[in-house]
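Everything below belongs to input.txt, which stores compact mmCIF, C-alpha atoms.
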```
# COMPACT_ATOMS: atom_id res chain seq x y z
CA MET A 1 -23.10 -17.14 -20.48
CA ASP A 2 -26.19 -19.06 -19.69
CA VAL A 3 -27.10 -19.45 -16.07
CA ASN A 4 -30.16 -21.36 -15.17
CA ARG A 5 -32.14 -20.82 -12.04
CA ARG A 6 -30.47 -23.64 -10.18
CA GLU A 7 -26.93 -22.41 -10.91
CA PHE A 8 -27.82 -18.84 -10.03
CA LEU A 9 -29.15 -19.91 -6.65
CA LYS A 10 -25.98 -21.92 -6.02
CA ILE A 11 -23.72 -18.93 -6.76
CA ALA A 12 -25.87 -16.58 -4.70
CA GLY A 13 -25.88 -18.99 -1.79
CA LEU A 14 -22.13 -19.49 -1.88
CA SER A 15 -21.48 -15.74 -2.07
CA THR A 16 -23.68 -15.13 0.94
CA LEU A 17 -21.89 -17.86 2.86
CA PHE A 18 -18.54 -16.37 1.86
CA GLY A 19 -19.54 -12.88 2.98
CA VAL A 20 -20.92 -13.98 6.31
CA GLY A 21 -17.99 -16.35 6.79
CA VAL A 22 -15.29 -13.73 6.21
CA ASN A 23 -17.07 -11.31 8.51
CA SER A 24 -17.25 -13.89 11.29
CA VAL A 25 -13.61 -14.83 10.83
CA PHE A 26 -12.69 -11.14 11.26
CA GLN A 27 -14.90 -10.83 14.33
CA LEU A 28 -13.29 -13.91 15.81
CA LEU A 29 -9.62 -13.41 14.99
CA ALA A 30 -9.36 -9.63 14.91
CA PRO A 31 -12.24 -8.25 16.92
CA GLY A 32 -13.05 -4.60 16.24
CA GLU A 33 -10.89 -4.46 13.12
CA LEU A 34 -13.86 -3.79 10.88
CA GLU A 35 -15.22 -1.06 13.12
CA ALA A 36 -14.98 2.65 12.33
CA SER A 37 -11.66 4.23 13.11
CA LEU A 38 -12.02 5.27 16.76
CA SER A 39 -9.78 3.06 18.80
CA PRO A 40 -11.20 2.73 22.28
CA LEU A 41 -9.28 4.75 24.80
CA LYS A 42 -7.40 2.87 27.42
CA LYS A 43 -9.37 2.59 30.63
CA ASP A 44 -6.32 3.35 32.73
CA ARG A 45 -5.24 6.51 30.96
CA LYS A 46 -3.97 9.12 33.32
CA ILE A 47 -4.54 12.44 31.61
CA GLN A 48 -7.53 14.20 30.17
CA TRP A 49 -7.01 17.92 29.80
CA ALA A 50 -10.06 20.03 30.52
CA ILE A 51 -11.11 23.62 31.10
CA ALA A 52 -13.63 24.98 33.57
CA VAL A 53 -14.73 28.48 32.63
CA ASP A 54 -15.78 30.55 35.61
CA MET A 55 -18.71 32.51 34.20
CA LYS A 56 -18.70 34.80 37.25
CA LYS A 57 -15.32 36.14 36.18
CA VAL A 58 -15.69 36.15 32.43
CA ASP A 59 -16.81 39.22 30.53
CA ASP A 60 -17.07 40.11 26.86
CA ARG A 61 -13.84 42.06 26.77
CA MET A 62 -11.91 39.12 28.18
CA LEU A 63 -13.47 36.71 25.71
CA ASP A 64 -12.65 39.00 22.79
CA LYS A 65 -9.06 39.10 23.96
CA ALA A 66 -8.88 35.32 24.34
CA VAL A 67 -10.41 34.73 20.91
CA GLU A 68 -8.07 37.25 19.32
CA ALA A 69 -5.03 35.73 21.04
CA CYS A 70 -5.96 32.21 19.97
CA HIS A 71 -6.58 33.16 16.37
CA ARG A 72 -3.39 35.17 16.19
CA TYR A 73 -1.34 32.38 17.75
CA HIS A 74 -2.68 29.79 15.33
CA ASN A 75 -2.72 31.96 12.20
CA VAL A 76 -6.48 31.78 11.84
CA PRO A 77 -7.35 34.55 9.40
CA LYS A 78 -10.42 36.77 9.69
CA ILE A 79 -12.70 35.98 6.79
CA PRO A 80 -16.19 37.46 6.85
CA GLY A 81 -19.30 35.52 5.94
CA HIS A 82 -20.02 31.82 5.83
CA LYS A 83 -16.48 30.93 4.76
CA GLY A 84 -15.06 32.22 8.03
CA LEU A 85 -12.84 30.20 10.33
CA LYS A 86 -13.01 29.91 14.09
CA TRP A 87 -11.30 27.94 16.82
CA ILE A 88 -12.92 29.66 19.77
CA TRP A 89 -15.80 32.08 19.72
CA LYS A 90 -18.42 33.58 21.99
CA GLU A 91 -22.07 32.73 21.95
CA ASP A 92 -25.13 33.64 24.01
CA PHE A 93 -26.79 31.32 26.49
CA GLU A 94 -29.65 30.27 24.26
CA HIS A 95 -27.38 29.04 21.50
CA SER A 96 -24.72 27.59 23.75
CA PHE A 97 -27.17 25.45 25.69
CA PRO A 98 -30.20 24.96 23.45
CA GLU A 99 -31.55 22.13 25.59
CA GLN A 100 -31.59 24.42 28.65
CA GLU A 101 -34.01 26.81 27.11
CA ASN A 102 -36.56 27.66 29.76
CA SER A 103 -39.29 30.12 28.94
CA TYR A 104 -38.02 32.45 31.63
CA VAL A 105 -34.30 32.57 32.26
CA ASN A 106 -32.26 34.39 34.84
CA GLU A 107 -31.60 37.77 33.27
CA GLU A 108 -27.94 37.83 34.10
CA ILE A 109 -27.33 34.45 32.51
CA GLU A 110 -29.47 35.27 29.52
CA LYS A 111 -27.17 38.16 28.66
CA MET A 112 -23.94 36.26 29.24
CA HIS A 113 -21.63 35.27 26.47
CA PHE A 114 -20.00 31.87 26.70
CA PRO A 115 -16.65 30.97 25.14
CA LEU A 116 -17.19 27.97 22.89
CA LEU A 117 -14.45 25.78 21.50
CA CYS A 118 -13.72 22.15 20.77
CA ASN A 119 -14.86 20.13 23.76
CA HIS A 120 -12.18 17.45 23.40
CA CYS A 121 -14.83 14.84 24.05
CA ASP A 122 -14.20 11.54 25.77
CA ASN A 123 -16.19 9.97 22.98
CA PRO A 124 -15.53 12.17 19.97
CA PRO A 125 -17.93 11.55 17.08
CA CYS A 126 -15.57 13.39 14.72
CA CYS A 127 -12.84 10.79 15.25
CA ARG A 128 -15.28 7.99 14.62
CA VAL A 129 -16.21 9.24 11.19
CA CYS A 130 -12.82 10.43 9.96
CA PRO A 131 -11.88 8.09 7.09
CA THR A 132 -8.14 8.84 7.26
CA LYS A 133 -7.62 9.12 11.02
CA ALA A 134 -6.61 12.70 10.42
CA THR A 135 -8.51 13.58 13.55
CA PHE A 136 -7.89 11.32 16.50
CA LYS A 137 -7.80 11.27 20.26
CA ARG A 138 -4.36 11.61 21.74
CA GLU A 139 -3.24 9.70 24.83
CA ASP A 140 -3.69 12.84 26.92
CA GLY A 141 -7.25 13.30 25.72
CA ILE A 142 -6.65 16.02 23.17
CA VAL A 143 -8.75 15.60 20.04
CA MET A 144 -5.95 16.28 17.59
CA MET A 145 -5.88 17.24 13.96
CA ASP A 146 -3.23 15.87 11.64
CA TRP A 147 -3.57 18.41 8.85
CA HIS A 148 -1.15 16.42 6.73
CA ARG A 149 -3.72 13.67 6.47
CA CYS A 150 -6.95 15.62 6.17
CA ILE A 151 -8.58 15.11 2.80
CA GLY A 152 -11.31 17.68 3.39
CA CYS A 153 -14.28 15.31 3.27
CA ARG A 154 -15.95 17.25 6.13
CA PHE A 155 -17.52 14.18 7.71
CA CYS A 156 -16.14 15.44 11.01
CA MET A 157 -17.92 18.76 10.58
CA ALA A 158 -21.19 16.94 10.07
CA ALA A 159 -20.48 14.70 13.05
CA CYS A 160 -19.48 17.39 15.54
CA PRO A 161 -22.57 18.44 17.50
CA TYR A 162 -20.88 21.62 18.69
CA GLY A 163 -19.91 23.32 15.43
CA SER A 164 -16.31 23.42 16.55
CA ARG A 165 -14.85 22.77 13.14
CA SER A 166 -14.22 25.07 10.21
CA PHE A 167 -13.37 24.33 6.65
CA ASN A 168 -10.80 26.12 4.52
CA TRP A 169 -12.81 26.94 1.43
CA GLY A 170 -9.77 28.61 -0.02
CA ASP A 171 -6.09 28.93 0.73
CA PRO A 172 -5.91 30.89 4.00
CA ARG A 173 -2.88 32.69 2.60
CA ARG A 174 -5.06 34.45 0.08
CA VAL A 175 -5.70 37.00 2.80
CA MET A 176 -2.17 38.24 2.13
CA THR A 177 -2.97 39.19 -1.46
CA ASP A 178 -6.74 39.71 -1.62
CA GLU A 179 -7.46 43.46 -1.34
CA GLU A 180 -10.54 43.15 0.87
CA LEU A 181 -9.21 40.44 3.16
CA LYS A 182 -5.83 42.10 3.51
CA LYS A 183 -7.48 45.02 5.29
CA LEU A 184 -8.83 42.64 7.92
CA ASN A 185 -5.56 40.74 8.28
CA PRO A 186 -2.80 43.30 7.81
CA ASP A 187 -0.07 41.25 9.51
CA PHE A 188 -1.00 37.69 8.49
CA PRO A 189 0.64 35.23 9.24
CA THR A 190 0.62 36.49 12.80
CA ASN A 191 2.72 33.72 14.34
CA MET A 192 5.80 32.71 12.39
CA GLU A 193 6.31 29.71 14.65
CA PHE A 194 3.01 28.05 13.76
CA PRO A 195 1.98 26.83 10.32
CA THR A 196 -1.01 28.05 8.39
CA ARG A 197 -3.41 25.54 6.92
CA THR A 198 -4.09 25.03 3.26
CA LYS A 199 -7.12 24.87 0.99
CA GLY A 200 -9.46 21.95 1.56
CA VAL A 201 -8.48 21.19 5.14
CA VAL A 202 -10.67 21.21 8.24
CA GLU A 203 -9.33 22.98 11.30
CA LYS A 204 -10.29 23.43 14.92
CA CYS A 205 -8.94 24.01 18.40
CA THR A 206 -6.12 21.61 19.26
CA PHE A 207 -5.97 22.59 22.94
CA CYS A 208 -2.63 24.18 22.04
CA TYR A 209 -0.98 20.76 21.91
CA ASP A 210 2.37 22.34 21.12
CA ARG A 211 2.20 24.50 24.23
CA ILE A 212 1.05 21.59 26.38
CA ASP A 213 3.97 19.52 25.08
CA LYS A 214 6.26 22.28 26.32
CA GLY A 215 4.55 22.38 29.70
CA LYS A 216 2.57 25.57 29.06
CA ARG A 217 -1.17 26.13 29.30
CA PRO A 218 -3.35 26.84 26.26
CA ILE A 219 -3.19 30.41 25.03
CA CYS A 220 -6.86 31.24 25.81
CA VAL A 221 -6.35 30.12 29.40
CA GLU A 222 -3.16 32.12 29.64
CA VAL A 223 -4.74 35.31 28.30
CA ALA A 224 -7.97 35.05 30.30
CA ASN A 225 -6.14 34.38 33.53
CA LYS A 226 -3.88 37.34 32.97
CA ILE A 227 -6.98 39.54 32.97
CA LYS A 228 -8.66 37.83 35.91
CA GLU A 229 -7.02 35.08 37.88
CA GLN A 230 -8.63 31.66 37.67
CA ALA A 231 -11.18 32.76 35.09
CA PHE A 232 -10.30 29.70 33.01
CA ILE A 233 -9.29 26.77 35.16
CA PHE A 234 -7.19 24.36 33.16
CA GLY A 235 -6.10 20.97 34.36
CA ASN A 236 -6.16 17.22 34.28
CA ILE A 237 -9.70 16.17 35.03
CA LEU A 238 -8.67 12.59 35.81
CA ASP A 239 -6.52 13.80 38.70
CA PRO A 240 -8.78 14.07 41.77
CA GLU A 241 -6.36 16.52 43.36
CA SER A 242 -6.33 18.96 40.46
CA ASP A 243 -7.70 22.52 40.65
CA ILE A 244 -10.36 21.76 38.12
CA ARG A 245 -11.69 18.81 40.09
CA THR A 246 -11.69 20.84 43.28
CA VAL A 247 -13.68 23.64 41.72
CA LEU A 248 -16.13 21.20 40.12
CA LYS A 249 -16.79 19.71 43.53
CA GLU A 250 -17.69 23.12 44.89
CA ARG A 251 -19.57 24.79 42.08
CA PHE A 252 -22.43 23.88 39.78
CA ALA A 253 -21.35 23.54 36.18
CA LEU A 254 -22.99 23.14 32.79
CA ARG A 255 -21.67 21.24 29.83
CA ARG A 256 -22.87 21.51 26.27
CA LYS A 257 -25.38 18.87 25.13
CA PRO A 258 -24.49 16.27 27.77
CA GLU A 259 -27.44 14.15 26.65
CA LEU A 260 -25.48 13.12 23.55
CA GLY A 261 -23.02 11.13 25.64
CA THR A 262 -19.98 12.65 23.98
CA GLY A 263 -18.40 13.38 27.34
CA THR A 264 -17.32 16.95 26.79
CA ASN A 265 -14.44 18.38 28.75
CA ILE A 266 -15.26 22.07 28.78
CA TYR A 267 -17.25 23.03 31.87
CA TYR A 268 -19.07 26.30 32.48
CA LEU A 269 -19.28 27.24 36.15
CA ILE A 270 -22.51 29.15 36.69
CA MET B 1 4.60 2.95 -51.43
CA LEU B 2 3.18 4.98 -48.62
CA TYR B 3 -0.17 6.54 -49.07
CA ASP B 4 0.10 10.26 -48.37
CA GLY B 5 3.85 9.77 -47.97
CA ALA B 6 4.66 13.45 -48.13
CA LYS B 7 2.22 14.38 -45.41
CA ILE B 8 3.47 11.60 -43.15
CA LEU B 9 7.07 12.61 -43.67
CA VAL B 10 6.34 16.25 -42.87
CA GLY B 11 4.48 15.12 -39.78
CA LEU B 12 7.35 12.91 -38.73
CA ILE B 13 9.86 15.71 -39.18
CA ILE B 14 7.76 18.15 -37.15
CA GLY B 15 7.32 15.52 -34.45
CA LEU B 16 11.01 14.79 -34.36
CA ALA B 17 11.83 18.49 -34.21
CA PHE B 18 9.57 18.85 -31.16
CA PHE B 19 11.21 15.87 -29.53
CA VAL B 20 14.72 17.14 -30.13
CA SER B 21 14.04 20.80 -29.38
CA PRO B 22 14.86 20.68 -25.65
CA PHE B 23 18.19 19.05 -26.39
CA VAL B 24 18.99 21.61 -29.06
CA TYR B 25 17.84 24.41 -26.81
CA ASP B 26 20.15 23.35 -24.00
CA ALA B 27 23.07 22.27 -26.20
CA GLY B 28 26.31 24.00 -25.43
CA LYS B 29 25.08 25.45 -22.15
CA PRO B 30 27.30 24.46 -19.28
CA TYR B 31 25.91 21.89 -16.84
CA LYS B 32 25.03 23.62 -13.61
CA LYS B 33 25.28 21.52 -10.52
CA PRO B 34 22.89 22.48 -7.75
CA GLU B 35 24.83 24.09 -4.96
CA PRO B 36 22.82 24.47 -1.80
CA GLN B 37 24.34 27.13 0.39
CA LEU B 38 24.65 27.15 4.14
CA THR B 39 23.83 30.21 6.17
CA GLU B 40 26.41 31.61 8.57
CA LYS B 41 24.41 30.11 11.42
CA ALA B 42 24.42 26.66 9.84
CA LYS B 43 28.15 26.87 9.13
CA LYS B 44 28.81 27.86 12.70
CA ALA B 45 26.73 24.98 14.06
CA GLY B 46 28.94 22.67 12.01
CA GLU B 47 26.62 19.69 12.14
CA CYS B 48 23.02 18.88 11.43
CA VAL B 49 20.89 16.34 13.26
CA ALA B 50 22.62 13.67 11.16
CA SER B 51 25.58 13.50 8.82
CA LYS B 52 25.60 15.46 5.61
CA ALA B 53 25.41 12.39 3.39
CA PHE B 54 22.52 11.05 5.39
CA MET B 55 20.63 14.30 5.38
CA ARG B 56 21.15 14.76 1.69
CA GLU B 57 19.49 11.48 0.90
CA TRP B 58 17.13 10.85 3.80
CA HIS B 59 15.90 14.20 5.08
CA MET B 60 12.44 13.47 3.71
CA GLN B 61 12.16 10.19 5.61
CA LEU B 62 13.47 11.87 8.74
CA LEU B 63 10.96 14.70 8.39
CA ASP B 64 8.18 12.22 7.77
CA GLU B 65 9.11 10.31 10.91
CA TRP B 66 9.34 13.54 12.91
CA ARG B 67 5.93 14.66 11.74
CA ASN B 68 4.28 11.40 12.76
CA GLU B 69 5.99 11.35 16.13
CA VAL B 70 5.13 14.95 16.87
CA VAL B 71 1.59 15.09 15.59
CA ARG B 72 0.42 11.63 16.50
CA LYS B 73 2.45 10.72 19.56
CA GLY B 74 3.33 14.12 20.95
CA GLU B 75 7.04 13.26 21.06
CA ARG B 76 8.59 16.65 20.63
CA TYR B 77 12.30 16.16 21.20
CA TYR B 78 14.94 14.45 19.13
CA ARG B 79 18.12 13.06 20.61
CA PRO B 80 20.53 11.91 17.90
CA ARG B 81 22.29 9.52 20.25
CA GLU B 82 19.08 7.76 21.14
CA LEU B 83 18.12 7.46 17.54
CA ALA B 84 20.85 4.93 17.01
CA ARG B 85 19.25 2.66 19.54
CA LYS B 86 15.54 3.06 19.23
CA SER B 87 14.49 4.54 15.97
CA THR B 88 12.54 2.58 13.47
CA LEU B 89 14.29 4.72 10.92
CA ASP B 90 17.58 3.18 11.92
CA LYS B 91 16.50 -0.39 11.47
CA ARG B 92 13.78 -0.26 8.92
CA LEU B 93 15.22 2.17 6.45
CA LEU B 94 18.86 2.31 7.06
CA ASP B 95 19.64 -1.39 6.91
CA GLN B 96 17.74 -1.54 3.72
CA TRP B 97 19.52 1.31 2.04
CA ARG B 98 22.77 1.57 3.96
CA HIS B 99 24.82 1.27 0.81
CA LEU B 100 23.31 4.54 -0.29
CA VAL B 101 24.70 6.49 2.62
CA SER B 102 27.71 7.36 0.66
CA ASP B 103 30.18 9.05 2.93
CA GLY B 104 31.70 5.64 3.57
CA THR B 105 32.00 6.06 7.30
CA ARG B 106 28.50 4.85 8.15
CA HIS B 107 28.51 7.27 11.03
CA TYR B 108 25.42 9.12 10.09
CA ILE B 109 24.49 10.16 13.60
CA PRO B 110 26.53 12.88 15.26
CA LYS B 111 27.95 11.90 18.62
CA THR B 112 26.32 14.70 20.50
CA ASP B 113 24.16 15.08 23.56
CA LYS B 114 22.27 17.88 21.91
CA VAL B 115 18.49 17.74 22.04
CA TYR B 116 16.57 19.09 19.09
CA TYR B 117 13.00 20.37 19.04
CA LYS B 118 11.36 18.50 16.19
CA SER B 119 9.99 21.16 13.93
CA LEU B 120 10.53 21.91 10.29
CA GLN B 121 9.45 25.50 10.67
CA ASN B 122 11.16 26.30 13.96
CA THR B 123 14.26 24.10 14.00
CA CYS B 124 15.29 23.20 10.43
CA LEU B 125 14.47 26.60 9.03
CA ASP B 126 16.05 28.33 11.98
CA CYS B 127 19.49 27.32 10.74
CA HIS B 128 18.60 26.95 7.08
CA SER B 129 16.79 30.25 6.88
CA ASN B 130 17.76 30.61 3.22
CA LYS B 131 15.09 28.38 1.73
CA SER B 132 15.56 29.63 -1.82
CA LYS B 133 19.29 28.96 -1.75
CA PHE B 134 19.16 25.77 0.29
CA CYS B 135 15.95 23.78 -0.15
CA ASP B 136 14.89 25.09 -3.53
CA GLU B 137 18.35 24.72 -5.05
CA CYS B 138 18.08 20.93 -5.31
CA HIS B 139 14.30 20.68 -5.37
CA ASN B 140 14.10 22.86 -8.46
CA TYR B 141 16.99 21.03 -10.10
CA LEU B 142 15.24 17.71 -9.60
CA GLY B 143 11.83 19.10 -10.45
CA VAL B 144 10.28 18.07 -7.15
CA HIS B 145 7.71 20.31 -5.54
CA PRO B 146 7.21 19.31 -1.92
CA TYR B 147 4.05 20.85 -0.52
CA CYS B 148 5.56 21.49 2.92
CA TRP B 149 5.42 25.20 2.21
CA ASN B 150 1.70 25.30 1.56
CA CYS B 151 1.33 25.35 5.33
CA HIS B 152 4.74 25.68 6.96
CA ILE B 153 5.96 29.22 6.75
CA ALA B 154 9.42 29.80 5.33
CA PRO B 155 11.31 32.70 6.89
CA GLU B 156 11.54 35.89 4.89
CA GLU B 157 14.80 36.23 3.06
CA LYS B 158 16.79 39.38 2.51
CA LYS B 159 17.33 40.01 -1.14
```
For this file, write the structure as structure tokens.
Amino acid sequence: MDVNRREFLKIAGLSTLFGVGVNSVFQLLAPGELEASLSPLKKDRKIQWAIAVDMKKVDDRMLDKAVEACHRYHNVPKIPGHKGLKWIWKEDFEHSFPEQENSYVNEEIEKMHFPLLCNHCDNPPCCRVCPTKATFKREDGIVMMDWHRCIGCRFCMAACPYGSRSFNWGDPRRVMTDEELKKLNPDFPTNMEFPTRTKGVVEKCTFCYDRIDKGKRPICVEVANKIKEQAFIFGNILDPESDIRTVLKERFALRRKPELGTGTNIYYLI
Amino acid sequence: MLYDGAKILVGLIIGLAFFVSPFVYDAGKPYKKPEPQLTEKAKKAGECVASKAFMREWHMQLLDEWRNEVVRKGERYYRPRELARKSTLDKRLLDQWRHLVSDGTRHYIPKTDKVYYKSLQNTCLDCHSNKSKFCDECHNYLGVHPYCWNCHIAPEEKK
């Protein structure tokens, strides 16, 4: 086909007009439809679950117990090395709050270990990038995972500033047959009432959505509070009367990387 | 005449033999109907969340709907009576395929006030704890391989 300069310019011009036109029609008739997948949360939502961790009551032994309980409840196998999975883990001050790094830090705080988990952000970057809406923000503020939909693209892992997400590099059930891994996970799956995940799926803390739906508190909160009362204060942060709001009024708290504007919902009472 | 007629004929015969072999292999063997078995617990319960005919043909749609409601909306409980009124399954699917619900009565929802916890692993498999004799019986017969079990844990069965 022969196209001379004049015809080419005509086609190019019309295509540009078409592109711009369609885009404006979308913006006019269905605003936001072309945006990335995060649907804006309703302004008048009533619930946002949150945890305030009282660092004065937390110790390493308690955190180990909470981590263990969580991973057992959710059938998260122990896999050593960089293919490991974690929903909640402990970390030192420097790595939990990198932006807080003063040259000279209070010794007590410097030695502390902080429990880290998904922050169930108000403004979750993971949900924005998920191409299948496999991760999304529930009405009650939980950043949920729909493992049925996850295609394992790991955009969410790149987007999460807190490292809260882990990828299943292999079938987690291989720990039942693999000699080495079997030693670490003798009784996997540890909870017959919860599914495992499968190869190629991203997983993370779900704030124990199934327990919350039944009116129970997340398992880490339950376990920690059994060891020391009110070590983890769980509640609805949008309710001004709640325990968590009361304690946040009284005590100074840190959040992880607040400067990013993600609006995290895990508070650390110092 | 055919070029290389002999070779083509031999090829044809071999091809035909391959094609016919499964029929020959299975010829004379009695047809075995899949017979999913109920556990004692399921028999005692007497009814599922919907009628047998409905469950036989629509359990996958029901499970799909359950999964979306549970995971995405946090709706954990299933009330068969309410389903008749509100469910999208009722209107969207059932009107479309009602003729397929073949028990003739059209009463596919049990008249019960029972409330079920929507969970494949904890509710369905609680009664139907014999996956190999219940689920797999038909799935294998039809050659379908649902990947539910990649994640959801089937109860251990006594041999």
Non-local contacts of range 60-76 of chain B (8 Å; only C-alpha atoms; under 3 positions in same chain excluded) as a CSV table (one decimal) with C-alpha atoms, keeping the file's coordinate frame:
```
chain,number,residue,atom,x,y,z
A,138,ARG,CA,-4.4,11.6,21.7
A,139,GLU,CA,-3.2,9.7,24.8
A,144,MET,CA,-6.0,16.3,17.6
A,145,MET,CA,-5.9,17.2,14.0
A,146,ASP,CA,-3.2,15.9,11.6
A,209,TYR,CA,-1.0,20.8,21.9
A,213,ASP,CA,4.0,19.5,25.1
B,57,GLU,CA,19.5,11.5,0.9
B,89,LEU,CA,14.3,4.7,10.9
B,117,TYR,CA,13.0,20.4,19.0
B,118,LYS,CA,11.4,18.5,16.2
B,119,SER,CA,10.0,21.2,13.9
B,120,LEU,CA,10.5,21.9,10.3
```
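Using only C-alpha atoms, one finds that the residues of chain A close to chain B, at 7 Å or less, are Asp146, Met192, Glu193, Pro195, Thr196, Arg197, Thr198 and Asp213 of chain A.
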Taking every listed atom of range 10-23 of chain B and adding 3 Å to each side, what centre and edge lengths in Å (one decimal) does the axis-aligned box have, as AutoDock Vina command-line options?
```
--center_x 11.3 --center_y 16.9 --center_z -34.3 --size_x 19.7 --size_y 13.9 --size_z 23.2
```
Leaving out Ile79 in chain A and any residue of its chain fewer than 2 positions from it, which residues lie within 9 Å of it when counting only C-alpha atoms, given as a compact mmCIF listing (two decimals) with C-alpha atoms, in the frame of the given file?
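Writing the result to part-v9.txt gives the following:
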```txt
# COMPACT_ATOMS: atom_id res chain seq x y z
CA PRO A 77 -7.35 34.55 9.40
CA GLY A 81 -19.30 35.52 5.94
CA HIS A 82 -20.02 31.82 5.83
CA LYS A 83 -16.48 30.93 4.76
CA GLY A 84 -15.06 32.22 8.03
CA LEU A 85 -12.84 30.20 10.33
CA PRO A 172 -5.91 30.89 4.00
CA VAL A 175 -5.70 37.00 2.80
CA LEU A 181 -9.21 40.44 3.16
CA LEU A 184 -8.83 42.64 7.92
CA ASN A 185 -5.56 40.74 8.28
```
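Taking all atoms listed in the file into account, the protein, DNA and RNA residues within 10 Å of (-6.1, 7.5, 37.3) read Lys43, Asp44, Arg45, Lys46, Ile47, Gln48, Ile237, Leu238, Asp239 and Pro240 of chain A.
Distance check against Asp171 in chain A using all atoms listed in the file: of A:Lys228, A:Lys65, A:Lys199, A:Arg128, the minimum falls on A:Lys199.
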Within 12 Å of file point (22.9, 17.8, 13.4), counting only C-alpha atoms, expressed as a ChimeraX atom specification: /B:42-55,59,78-81,108-118,123-124,127-128
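If only C-alpha atoms are the atoms counted, then among A:Asp92, A:Asp54, A:Glu107, A:Glu68 the closest residue to Val223 in chain A is A:Glu68.
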Spatial neighbours of Arg72 in chain A, max dist 7 Å, only C-alpha atoms, sep filter under 4 positions, as a list in words: Glu68, Val76, Thr190 and Asn191 of chain A
Can you tell me, as an mmCIF file with C-alpha atoms, keeping the file's coordinate frame, what residues are no more than 9 Å from Met112 in chain A when counting all atoms listed in the file, ignoring any on the same chain fewer than 4 positions away?
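Just written: selection.cif:
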```
data_model
loop_
_atom_site.group_PDB
_atom_site.id
_atom_site.type_symbol
_atom_site.label_atom_id
_atom_site.label_comp_id
_atom_site.auth_asym_id
_atom_site.auth_seq_id
_atom_site.Cartn_x
_atom_site.Cartn_y
_atom_site.Cartn_z
ATOM 1 C CA MET A 55 -18.710 32.510 34.200
ATOM 2 C CA VAL A 58 -15.690 36.150 32.430
ATOM 3 C CA ASP A 59 -16.810 39.220 30.530
ATOM 4 C CA ASP A 60 -17.070 40.110 26.860
ATOM 5 C CA GLU A 91 -22.070 32.730 21.950
ATOM 6 C CA ASP A 92 -25.130 33.640 24.010
ATOM 7 C CA PHE A 93 -26.790 31.320 26.490
ATOM 8 C CA GLU A 107 -31.600 37.770 33.270
ATOM 9 C CA GLU A 108 -27.940 37.830 34.100
#
```
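Distance-wise, CA of Ser166 in chain A and CA of Asp140 in chain A end up 23.2 Å apart.
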Output range 149-157 of chain A with N, CA, C and O atoms present, as an mmCIF file, in the coordinates of the input.
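Saved as out_28.cif:
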```cif
data_model
loop_
_atom_site.group_PDB
_atom_site.id
_atom_site.type_symbol
_atom_site.label_atom_id
_atom_site.label_comp_id
_atom_site.auth_asym_id
_atom_site.auth_seq_id
_atom_site.Cartn_x
_atom_site.Cartn_y
_atom_site.Cartn_z
ATOM 1 N N ARG A 149 -2.910 14.791 6.949
ATOM 2 C CA ARG A 149 -3.720 13.670 6.470
ATOM 3 C C ARG A 149 -5.106 14.057 6.015
ATOM 4 O O ARG A 149 -5.796 13.268 5.384
ATOM 5 N N CYS A 150 -5.562 15.239 6.437
ATOM 6 C CA CYS A 150 -6.950 15.620 6.170
ATOM 7 C C CYS A 150 -7.193 15.721 4.669
ATOM 8 O O CYS A 150 -6.438 16.361 3.955
ATOM 9 N N ILE A 151 -8.265 15.057 4.221
ATOM 10 C CA ILE A 151 -8.580 15.110 2.800
ATOM 11 C C ILE A 151 -9.754 16.034 2.525
ATOM 12 O O ILE A 151 -10.236 16.128 1.404
ATOM 13 N N GLY A 152 -10.252 16.681 3.575
ATOM 14 C CA GLY A 152 -11.310 17.680 3.390
ATOM 15 C C GLY A 152 -12.677 17.107 3.081
ATOM 16 O O GLY A 152 -13.464 17.739 2.399
ATOM 17 N N CYS A 153 -12.975 15.912 3.578
ATOM 18 C CA CYS A 153 -14.280 15.310 3.270
ATOM 19 C C CYS A 153 -15.389 15.936 4.116
ATOM 20 O O CYS A 153 -16.552 15.835 3.784
ATOM 21 N N ARG A 154 -15.012 16.540 5.248
ATOM 22 C CA ARG A 154 -15.950 17.250 6.130
ATOM 23 C C ARG A 154 -16.954 16.347 6.833
ATOM 24 O O ARG A 154 -17.976 16.821 7.306
ATOM 25 N N PHE A 155 -16.666 15.059 6.898
ATOM 26 C CA PHE A 155 -17.520 14.180 7.710
ATOM 27 C C PHE A 155 -17.488 14.640 9.162
ATOM 28 O O PHE A 155 -18.494 14.635 9.849
ATOM 29 N N CYS A 156 -16.296 15.032 9.616
ATOM 30 C CA CYS A 156 -16.140 15.440 11.010
ATOM 31 C C CYS A 156 -16.989 16.651 11.334
ATOM 32 O O CYS A 156 -17.517 16.785 12.433
ATOM 33 N N MET A 157 -17.125 17.549 10.342
ATOM 34 C CA MET A 157 -17.920 18.760 10.580
ATOM 35 C C MET A 157 -19.389 18.385 10.735
ATOM 36 O O MET A 157 -20.117 18.980 11.531
#
```
